[in-house]
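Asker: Structure: start_3.pdb, PDB, C-alpha atoms.
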ATOM      1  CA  MET A   1    -176.930 -52.308 -38.181
ATOM      2  CA  THR A   2    -177.398 -52.361 -34.416
ATOM      3  CA  THR A   3    -178.844 -49.376 -32.672
ATOM      4  CA  THR A   4    -177.569 -47.751 -29.531
ATOM      5  CA  ARG A   5    -180.598 -49.123 -27.699
ATOM      6  CA  ALA A   6    -179.793 -52.679 -28.825
ATOM      7  CA  GLN A   7    -176.137 -52.225 -27.859
ATOM      8  CA  ASN A   8    -177.135 -50.917 -24.424
ATOM      9  CA  ARG A   9    -179.503 -53.854 -23.924
ATOM     10  CA  ALA A  10    -176.802 -56.351 -24.950
ATOM     11  CA  GLU A  11    -174.302 -54.683 -22.586
ATOM     12  CA  THR A  12    -176.798 -54.800 -19.711
ATOM     13  CA  MET A  13    -177.522 -58.483 -20.409
ATOM     14  CA  ARG A  14    -173.772 -59.165 -20.377
ATOM     15  CA  ARG A  15    -173.493 -57.406 -16.997
ATOM     16  CA  ILE A  16    -176.465 -59.398 -15.656
ATOM     17  CA  VAL A  17    -174.899 -62.711 -16.726
ATOM     18  CA  GLU A  18    -171.488 -61.767 -15.296
ATOM     19  CA  ALA A  19    -173.046 -60.679 -11.998
ATOM     20  CA  SER A  20    -175.071 -63.889 -11.847
ATOM     21  CA  ARG A  21    -171.981 -66.005 -12.426
ATOM     22  CA  ARG A  22    -170.081 -64.105  -9.715
ATOM     23  CA  LEU A  23    -172.928 -64.723  -7.285
ATOM     24  CA  VAL A  24    -173.115 -68.424  -8.148
ATOM     25  CA  THR A  25    -169.391 -68.906  -7.632
ATOM     26  CA  GLY A  26    -169.200 -66.582  -4.623
ATOM     27  CA  THR A  27    -172.203 -67.054  -2.371
ATOM     28  CA  GLY A  28    -173.723 -69.957  -4.265
ATOM     29  CA  GLU A  29    -177.032 -68.122  -4.356
ATOM     30  CA  MET A  30    -178.457 -66.332  -7.359
ATOM     31  CA  THR A  31    -181.763 -64.610  -6.693
ATOM     32  CA  LEU A  32    -183.345 -61.933  -8.847
ATOM     33  CA  ARG A  33    -182.902 -59.438  -6.033
ATOM     34  CA  SER A  34    -179.223 -60.274  -5.488
ATOM     35  CA  VAL A  35    -178.487 -60.060  -9.220
ATOM     36  CA  ALA A  36    -180.321 -56.747  -9.503
ATOM     37  CA  ASN A  37    -178.369 -55.352  -6.534
ATOM     38  CA  GLU A  38    -175.081 -56.562  -8.033
ATOM     39  CA  VAL A  39    -175.869 -54.877 -11.365
ATOM     40  CA  GLY A  40    -177.162 -51.699  -9.724
ATOM     41  CA  MET A  41    -180.839 -51.879 -10.595
ATOM     42  CA  THR A  42    -184.044 -52.779  -8.818
ATOM     43  CA  ALA A  43    -185.478 -56.278  -8.950
ATOM     44  CA  PRO A  44    -188.549 -55.088 -10.934
ATOM     45  CA  ALA A  45    -186.215 -53.436 -13.492
ATOM     46  CA  LEU A  46    -184.508 -56.801 -14.000
ATOM     47  CA  TYR A  47    -187.797 -58.112 -15.416
ATOM     48  CA  ARG A  48    -187.189 -55.929 -18.481
ATOM     49  CA  TYR A  49    -184.351 -58.322 -19.312
ATOM     50  CA  VAL A  50    -185.483 -61.704 -17.981
ATOM     51  CA  ASN A  51    -188.985 -63.125 -17.648
ATOM     52  CA  SER A  52    -188.423 -65.098 -14.452
ATOM     53  CA  HIS A  53    -185.837 -66.670 -12.196
ATOM     54  CA  GLU A  54    -185.990 -69.819 -14.342
ATOM     55  CA  ASP A  55    -185.293 -67.702 -17.436
ATOM     56  CA  LEU A  56    -182.279 -66.146 -15.707
ATOM     57  CA  VAL A  57    -180.963 -69.580 -14.701
ATOM     58  CA  ARG A  58    -181.385 -70.793 -18.299
ATOM     59  CA  ILE A  59    -179.520 -67.779 -19.729
ATOM     60  CA  VAL A  60    -176.680 -68.116 -17.212
ATOM     61  CA  ALA A  61    -176.460 -71.895 -17.720
ATOM     62  CA  MET A  62    -176.178 -71.393 -21.482
ATOM     63  CA  ASP A  63    -173.351 -68.876 -20.951
ATOM     64  CA  ILE A  64    -171.543 -71.256 -18.598
ATOM     65  CA  ASP A  65    -171.992 -74.094 -21.086
ATOM     66  CA  ALA A  66    -170.587 -71.995 -23.942
ATOM     67  CA  SER A  67    -167.514 -70.920 -21.990
ATOM     68  CA  ALA A  68    -166.853 -74.465 -20.736
ATOM     69  CA  ALA A  69    -167.236 -75.835 -24.264
ATOM     70  CA  ALA A  70    -164.735 -73.269 -25.550
ATOM     71  CA  GLU A  71    -162.202 -74.285 -22.877
ATOM     72  CA  ILE A  72    -162.662 -77.965 -23.666
ATOM     73  CA  ALA A  73    -162.402 -77.358 -27.412
ATOM     74  CA  GLN A  74    -159.125 -75.508 -26.913
ATOM     75  CA  VAL A  75    -157.648 -78.509 -25.075
ATOM     76  CA  ARG A  76    -159.075 -80.921 -27.659
ATOM     77  CA  ASP A  77    -157.675 -78.882 -30.551
ATOM     78  CA  ALA A  78    -154.175 -79.086 -29.068
ATOM     79  CA  GLN A  79    -154.236 -82.776 -30.031
ATOM     80  CA  PRO A  80    -153.496 -83.962 -33.574
ATOM     81  CA  GLU A  81    -156.541 -84.027 -35.853
ATOM     82  CA  ASP A  82    -155.661 -87.516 -37.045
ATOM     83  CA  ASP A  83    -155.805 -88.926 -33.495
ATOM     84  CA  PRO A  84    -159.485 -88.968 -32.495
ATOM     85  CA  ALA A  85    -158.811 -91.081 -29.407
ATOM     86  CA  ALA A  86    -156.369 -88.510 -28.019
ATOM     87  CA  ARG A  87    -158.856 -85.733 -28.786
ATOM     88  CA  MET A  88    -161.649 -87.581 -26.961
ATOM     89  CA  VAL A  89    -159.473 -88.351 -23.941
ATOM     90  CA  ALA A  90    -158.232 -84.760 -23.803
ATOM     91  CA  SER A  91    -161.829 -83.511 -23.971
ATOM     92  CA  ALA A  92    -162.970 -85.852 -21.205
ATOM     93  CA  VAL A  93    -160.061 -84.919 -18.952
ATOM     94  CA  ALA A  94    -160.623 -81.197 -19.619
ATOM     95  CA  PHE A  95    -164.339 -81.552 -18.830
ATOM     96  CA  ARG A  96    -163.623 -83.365 -15.575
ATOM     97  CA  GLN A  97    -161.028 -80.770 -14.597
ATOM     98  CA  TRP A  98    -163.465 -77.961 -15.424
ATOM     99  CA  ALA A  99    -166.174 -79.643 -13.326
ATOM    100  CA  LEU A 100    -163.829 -80.008 -10.350
ATOM    101  CA  ASN A 101    -162.585 -76.425 -10.624
ATOM    102  CA  ASN A 102    -166.063 -74.943 -11.130
ATOM    103  CA  ARG A 103    -168.308 -76.953  -8.836
ATOM    104  CA  GLU A 104    -170.965 -74.266  -8.382
ATOM    105  CA  GLU A 105    -171.287 -73.588 -12.106
ATOM    106  CA  PHE A 106    -171.258 -77.322 -12.856
ATOM    107  CA  SER A 107    -174.050 -77.755 -10.360
ATOM    108  CA  LEU A 108    -176.110 -74.959 -11.913
ATOM    109  CA  VAL A 109    -175.780 -76.388 -15.412
ATOM    110  CA  PHE A 110    -176.185 -80.091 -14.652
ATOM    111  CA  THR A 111    -178.762 -80.169 -11.855
TER
END
Could you take the file, read its structure, and then write that structure out as structure tokens?
Answerer:
Amino acid sequence: MTTTRAQNRAETMRRIVEASRRLVTGTGEMTLRSVANEVGMTAPALYRYVNSHEDLVRIVAMDIDASAAAEIAQVRDAQPEDDPAARMVASAVAFRQWALNNREEFSLVFT
């Protein structure tokens, strides 16, 4: 059973990640101060949710990775299960297309 406090914390973390991703794709810059401003809190308050800028980057990169993997899996799963070559090619093409369409997020995750 999750408490209201845990639900509020999870919701705030979701807002922090979404704001961070918007900043990365918009301005290309994701600082603790800019994320805090985007979420509507002070930079010191953000430290209640992340330990450091590196921690924030790690959390955001994991979220980007999960959403990209879901997109790629959807394309892969559109191919017949008994055709592994088609599934691999579809996955590779989907990954390349994702990387080209999401250059800033790709850069955050893979650099």
Asker: Name the residues that the PyMOL selection byres ((chain A and resi 32) around 8) pulls out of this structure, and write them as an NGL selection string.
Answerer: :A and (30-31 or 33-36 or 43 or 46 or 53)
Asker: With the file shown as input, list the residues that the PyMOL selection byres ((chain A and resi 91) around 12) selects, as a list in words.
Answerer: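 Written out, the selection comes to Ala68, Ala69, Ala70, Glu71, Ile72, Ala73, Gln74, Val75, Arg76, Asp77, Ala78, Gln79, Pro84, Ala85, Ala86, Arg87, Met88, Val89, Ala90, Ala92, Val93, Ala94, Phe95, Arg96, Gln97 and Trp98 of chain A.
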Asker: Looking at A:Ser67, A:Asn37, A:Thr12, A:Thr25, which one is nearest to Glu105 (chain A), with distances taken over all atoms listed in the file?
Answerer: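 Nearest candidate to Glu105 (chain A) out of A:Ser67, A:Asn37, A:Thr12, A:Thr25: A:Thr25.
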Asker: Please indicate the distance in Å from CA of Thr3 (chain A) to CA of Ala19 (chain A), rounded to one decimal place.
Answerer: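 Going from CA of Thr3 (chain A) over to CA of Ala19 (chain A), I get 24.3 Å.
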Asker: May I ask for the distance between CA of Tyr49 (chain A) and CA of Arg9 (chain A), given in Å to one decimal place?
Answerer: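 That distance, rounded to one decimal, is 8.0 Å.
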Asker: Nearest residue to Ala61 (chain A) out of A:Met13, A:Ala6, A:Val109, A:Leu23, using all atoms listed in the file?
Answerer: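 Distance minimum relative to Ala61 (chain A) lands on A:Val109.
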Asker: With all heavy atoms retained, output region 96-110 of chain A as a PDB file, in the first residue's frame.
Answerer:
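Final file, result_39.pdb:
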ATOM      1  N   ARG A  96      17.901   3.833 -35.068  1.00  0.00           N
ATOM      2  CA  ARG A  96      18.539   4.907 -35.844  1.00  0.00           C
ATOM      3  C   ARG A  96      17.577   6.064 -36.051  1.00  0.00           C
ATOM      4  O   ARG A  96      17.948   7.226 -35.903  1.00  0.00           O
ATOM      5  CB  ARG A  96      19.024   4.383 -37.196  1.00  0.00           C
ATOM      6  CG  ARG A  96      19.757   5.449 -38.000  1.00  0.00           C
ATOM      7  CD  ARG A  96      20.387   4.856 -39.250  1.00  0.00           C
ATOM      8  NE  ARG A  96      21.215   5.833 -39.915  1.00  0.00           N
ATOM      9  CZ  ARG A  96      20.751   6.782 -40.746  1.00  0.00           C
ATOM     10  NH1 ARG A  96      19.455   6.879 -40.986  1.00  0.00           N
ATOM     11  NH2 ARG A  96      21.572   7.635 -41.310  1.00  0.00           N
ATOM     12  N   GLN A  97      16.330   5.756 -36.371  1.00  0.00           N
ATOM     13  CA  GLN A  97      15.333   6.807 -36.575  1.00  0.00           C
ATOM     14  C   GLN A  97      15.093   7.577 -35.281  1.00  0.00           C
ATOM     15  O   GLN A  97      14.993   8.793 -35.285  1.00  0.00           O
ATOM     16  CB  GLN A  97      14.015   6.200 -37.086  1.00  0.00           C
ATOM     17  CG  GLN A  97      13.063   7.229 -37.621  1.00  0.00           C
ATOM     18  CD  GLN A  97      13.657   7.996 -38.797  1.00  0.00           C
ATOM     19  OE1 GLN A  97      14.173   7.409 -39.734  1.00  0.00           O
ATOM     20  NE2 GLN A  97      13.593   9.302 -38.751  1.00  0.00           N
ATOM     21  N   TRP A  98      15.036   6.857 -34.152  1.00  0.00           N
ATOM     22  CA  TRP A  98      14.859   7.518 -32.862  1.00  0.00           C
ATOM     23  C   TRP A  98      16.048   8.448 -32.594  1.00  0.00           C
ATOM     24  O   TRP A  98      15.866   9.583 -32.160  1.00  0.00           O
ATOM     25  CB  TRP A  98      14.724   6.487 -31.730  1.00  0.00           C
ATOM     26  CG  TRP A  98      14.665   7.147 -30.401  1.00  0.00           C
ATOM     27  CD1 TRP A  98      13.565   7.671 -29.789  1.00  0.00           C
ATOM     28  CD2 TRP A  98      15.772   7.416 -29.538  1.00  0.00           C
ATOM     29  NE1 TRP A  98      13.919   8.254 -28.597  1.00  0.00           N
ATOM     30  CE2 TRP A  98      15.272   8.101 -28.417  1.00  0.00           C
ATOM     31  CE3 TRP A  98      17.135   7.143 -29.593  1.00  0.00           C
ATOM     32  CZ2 TRP A  98      16.086   8.515 -27.365  1.00  0.00           C
ATOM     33  CZ3 TRP A  98      17.945   7.556 -28.552  1.00  0.00           C
ATOM     34  CH2 TRP A  98      17.421   8.234 -27.458  1.00  0.00           C
ATOM     35  N   ALA A  99      17.256   7.966 -32.852  1.00  0.00           N
ATOM     36  CA  ALA A  99      18.457   8.770 -32.605  1.00  0.00           C
ATOM     37  C   ALA A  99      18.458  10.036 -33.457  1.00  0.00           C
ATOM     38  O   ALA A  99      18.817  11.116 -32.984  1.00  0.00           O
ATOM     39  CB  ALA A  99      19.712   7.945 -32.875  1.00  0.00           C
ATOM     40  N   LEU A 100      18.039   9.925 -34.705  1.00  0.00           N
ATOM     41  CA  LEU A 100      18.001  11.092 -35.586  1.00  0.00           C
ATOM     42  C   LEU A 100      16.909  12.076 -35.180  1.00  0.00           C
ATOM     43  O   LEU A 100      17.081  13.288 -35.301  1.00  0.00           O
ATOM     44  CB  LEU A 100      17.796  10.656 -37.036  1.00  0.00           C
ATOM     45  CG  LEU A 100      18.965   9.901 -37.667  1.00  0.00           C
ATOM     46  CD1 LEU A 100      18.560   9.344 -39.023  1.00  0.00           C
ATOM     47  CD2 LEU A 100      20.185  10.802 -37.779  1.00  0.00           C
ATOM     48  N   ASN A 101      15.795  11.565 -34.703  1.00  0.00           N
ATOM     49  CA  ASN A 101      14.675  12.422 -34.309  1.00  0.00           C
ATOM     50  C   ASN A 101      14.829  13.015 -32.917  1.00  0.00           C
ATOM     51  O   ASN A 101      14.120  13.961 -32.568  1.00  0.00           O
ATOM     52  CB  ASN A 101      13.355  11.640 -34.364  1.00  0.00           C
ATOM     53  CG  ASN A 101      12.963  11.290 -35.770  1.00  0.00           C
ATOM     54  OD1 ASN A 101      13.396  11.916 -36.733  1.00  0.00           O
ATOM     55  ND2 ASN A 101      12.137  10.274 -35.912  1.00  0.00           N
ATOM     56  N   ASN A 102      15.724  12.445 -32.114  1.00  0.00           N
ATOM     57  CA  ASN A 102      15.894  12.870 -30.723  1.00  0.00           C
ATOM     58  C   ASN A 102      17.379  13.078 -30.417  1.00  0.00           C
ATOM     59  O   ASN A 102      17.927  12.475 -29.501  1.00  0.00           O
ATOM     60  CB  ASN A 102      15.301  11.815 -29.780  1.00  0.00           C
ATOM     61  CG  ASN A 102      13.843  11.583 -30.021  1.00  0.00           C
ATOM     62  OD1 ASN A 102      13.007  12.348 -29.585  1.00  0.00           O
ATOM     63  ND2 ASN A 102      13.536  10.519 -30.755  1.00  0.00           N
ATOM     64  N   ARG A 103      18.003  13.935 -31.170  1.00  0.00           N
ATOM     65  CA  ARG A 103      19.454  14.116 -31.066  1.00  0.00           C
ATOM     66  C   ARG A 103      19.911  14.535 -29.671  1.00  0.00           C
ATOM     67  O   ARG A 103      20.917  14.033 -29.174  1.00  0.00           O
ATOM     68  CB  ARG A 103      19.940  15.133 -32.090  1.00  0.00           C
ATOM     69  CG  ARG A 103      19.820  14.644 -33.513  1.00  0.00           C
ATOM     70  CD  ARG A 103      20.227  15.719 -34.518  1.00  0.00           C
ATOM     71  NE  ARG A 103      19.909  15.323 -35.867  1.00  0.00           N
ATOM     72  CZ  ARG A 103      20.736  14.670 -36.664  1.00  0.00           C
ATOM     73  NH1 ARG A 103      21.927  14.343 -36.246  1.00  0.00           N
ATOM     74  NH2 ARG A 103      20.358  14.355 -37.884  1.00  0.00           N
ATOM     75  N   GLU A 104      19.181  15.441 -29.035  1.00  0.00           N
ATOM     76  CA  GLU A 104      19.597  15.919 -27.717  1.00  0.00           C
ATOM     77  C   GLU A 104      19.496  14.807 -26.672  1.00  0.00           C
ATOM     78  O   GLU A 104      20.396  14.623 -25.852  1.00  0.00           O
ATOM     79  CB  GLU A 104      18.758  17.126 -27.277  1.00  0.00           C
ATOM     80  CG  GLU A 104      18.912  18.344 -28.158  1.00  0.00           C
ATOM     81  CD  GLU A 104      17.958  18.343 -29.345  1.00  0.00           C
ATOM     82  OE1 GLU A 104      17.154  17.384 -29.500  1.00  0.00           O
ATOM     83  OE2 GLU A 104      18.030  19.293 -30.140  1.00  0.00           O
ATOM     84  N   GLU A 105      18.395  14.058 -26.712  1.00  0.00           N
ATOM     85  CA  GLU A 105      18.243  12.952 -25.768  1.00  0.00           C
ATOM     86  C   GLU A 105      19.245  11.854 -26.061  1.00  0.00           C
ATOM     87  O   GLU A 105      19.824  11.270 -25.138  1.00  0.00           O
ATOM     88  CB  GLU A 105      16.807  12.419 -25.806  1.00  0.00           C
ATOM     89  CG  GLU A 105      15.815  13.383 -25.211  1.00  0.00           C
ATOM     90  CD  GLU A 105      14.405  12.842 -25.134  1.00  0.00           C
ATOM     91  OE1 GLU A 105      14.030  11.986 -25.955  1.00  0.00           O
ATOM     92  OE2 GLU A 105      13.682  13.270 -24.220  1.00  0.00           O
ATOM     93  N   PHE A 106      19.486  11.559 -27.329  1.00  0.00           N
ATOM     94  CA  PHE A 106      20.498  10.568 -27.701  1.00  0.00           C
ATOM     95  C   PHE A 106      21.856  10.981 -27.133  1.00  0.00           C
ATOM     96  O   PHE A 106      22.565  10.169 -26.552  1.00  0.00           O
ATOM     97  CB  PHE A 106      20.585  10.442 -29.226  1.00  0.00           C
ATOM     98  CG  PHE A 106      21.664   9.526 -29.690  1.00  0.00           C
ATOM     99  CD1 PHE A 106      21.437   8.166 -29.805  1.00  0.00           C
ATOM    100  CD2 PHE A 106      22.925  10.022 -30.022  1.00  0.00           C
ATOM    101  CE1 PHE A 106      22.453   7.301 -30.239  1.00  0.00           C
ATOM    102  CE2 PHE A 106      23.934   9.166 -30.438  1.00  0.00           C
ATOM    103  CZ  PHE A 106      23.693   7.814 -30.552  1.00  0.00           C
ATOM    104  N   SER A 107      22.162  12.247 -27.284  1.00  0.00           N
ATOM    105  CA  SER A 107      23.435  12.753 -26.796  1.00  0.00           C
ATOM    106  C   SER A 107      23.548  12.621 -25.282  1.00  0.00           C
ATOM    107  O   SER A 107      24.603  12.258 -24.753  1.00  0.00           O
ATOM    108  CB  SER A 107      23.602  14.218 -27.216  1.00  0.00           C
ATOM    109  OG  SER A 107      24.846  14.702 -26.844  1.00  0.00           O
ATOM    110  N   LEU A 108      22.464  12.907 -24.565  1.00  0.00           N
ATOM    111  CA  LEU A 108      22.496  12.791 -23.109  1.00  0.00           C
ATOM    112  C   LEU A 108      22.733  11.346 -22.679  1.00  0.00           C
ATOM    113  O   LEU A 108      23.518  11.089 -21.768  1.00  0.00           O
ATOM    114  CB  LEU A 108      21.184  13.310 -22.503  1.00  0.00           C
ATOM    115  CG  LEU A 108      21.121  13.224 -20.969  1.00  0.00           C
ATOM    116  CD1 LEU A 108      21.948  14.356 -20.365  1.00  0.00           C
ATOM    117  CD2 LEU A 108      19.702  13.284 -20.489  1.00  0.00           C
ATOM    118  N   VAL A 109      22.086  10.414 -23.337  1.00  0.00           N
ATOM    119  CA  VAL A 109      22.177   9.014 -22.944  1.00  0.00           C
ATOM    120  C   VAL A 109      23.502   8.389 -23.356  1.00  0.00           C
ATOM    121  O   VAL A 109      24.100   7.635 -22.604  1.00  0.00           O
ATOM    122  CB  VAL A 109      21.004   8.196 -23.538  1.00  0.00           C
ATOM    123  CG1 VAL A 109      21.186   6.702 -23.303  1.00  0.00           C
ATOM    124  CG2 VAL A 109      19.685   8.666 -22.963  1.00  0.00           C
ATOM    125  N   PHE A 110      24.008   8.731 -24.529  1.00  0.00           N
ATOM    126  CA  PHE A 110      25.160   8.008 -25.077  1.00  0.00           C
ATOM    127  C   PHE A 110      26.475   8.779 -25.042  1.00  0.00           C
ATOM    128  O   PHE A 110      27.454   8.322 -25.632  1.00  0.00           O
ATOM    129  CB  PHE A 110      24.847   7.553 -26.510  1.00  0.00           C
ATOM    130  CG  PHE A 110      23.784   6.492 -26.539  1.00  0.00           C
ATOM    131  CD1 PHE A 110      22.475   6.813 -26.854  1.00  0.00           C
ATOM    132  CD2 PHE A 110      24.087   5.186 -26.212  1.00  0.00           C
ATOM    133  CE1 PHE A 110      21.499   5.842 -26.856  1.00  0.00           C
ATOM    134  CE2 PHE A 110      23.113   4.196 -26.214  1.00  0.00           C
ATOM    135  CZ  PHE A 110      21.807   4.527 -26.546  1.00  0.00           C
TER     136      PHE A 110
END
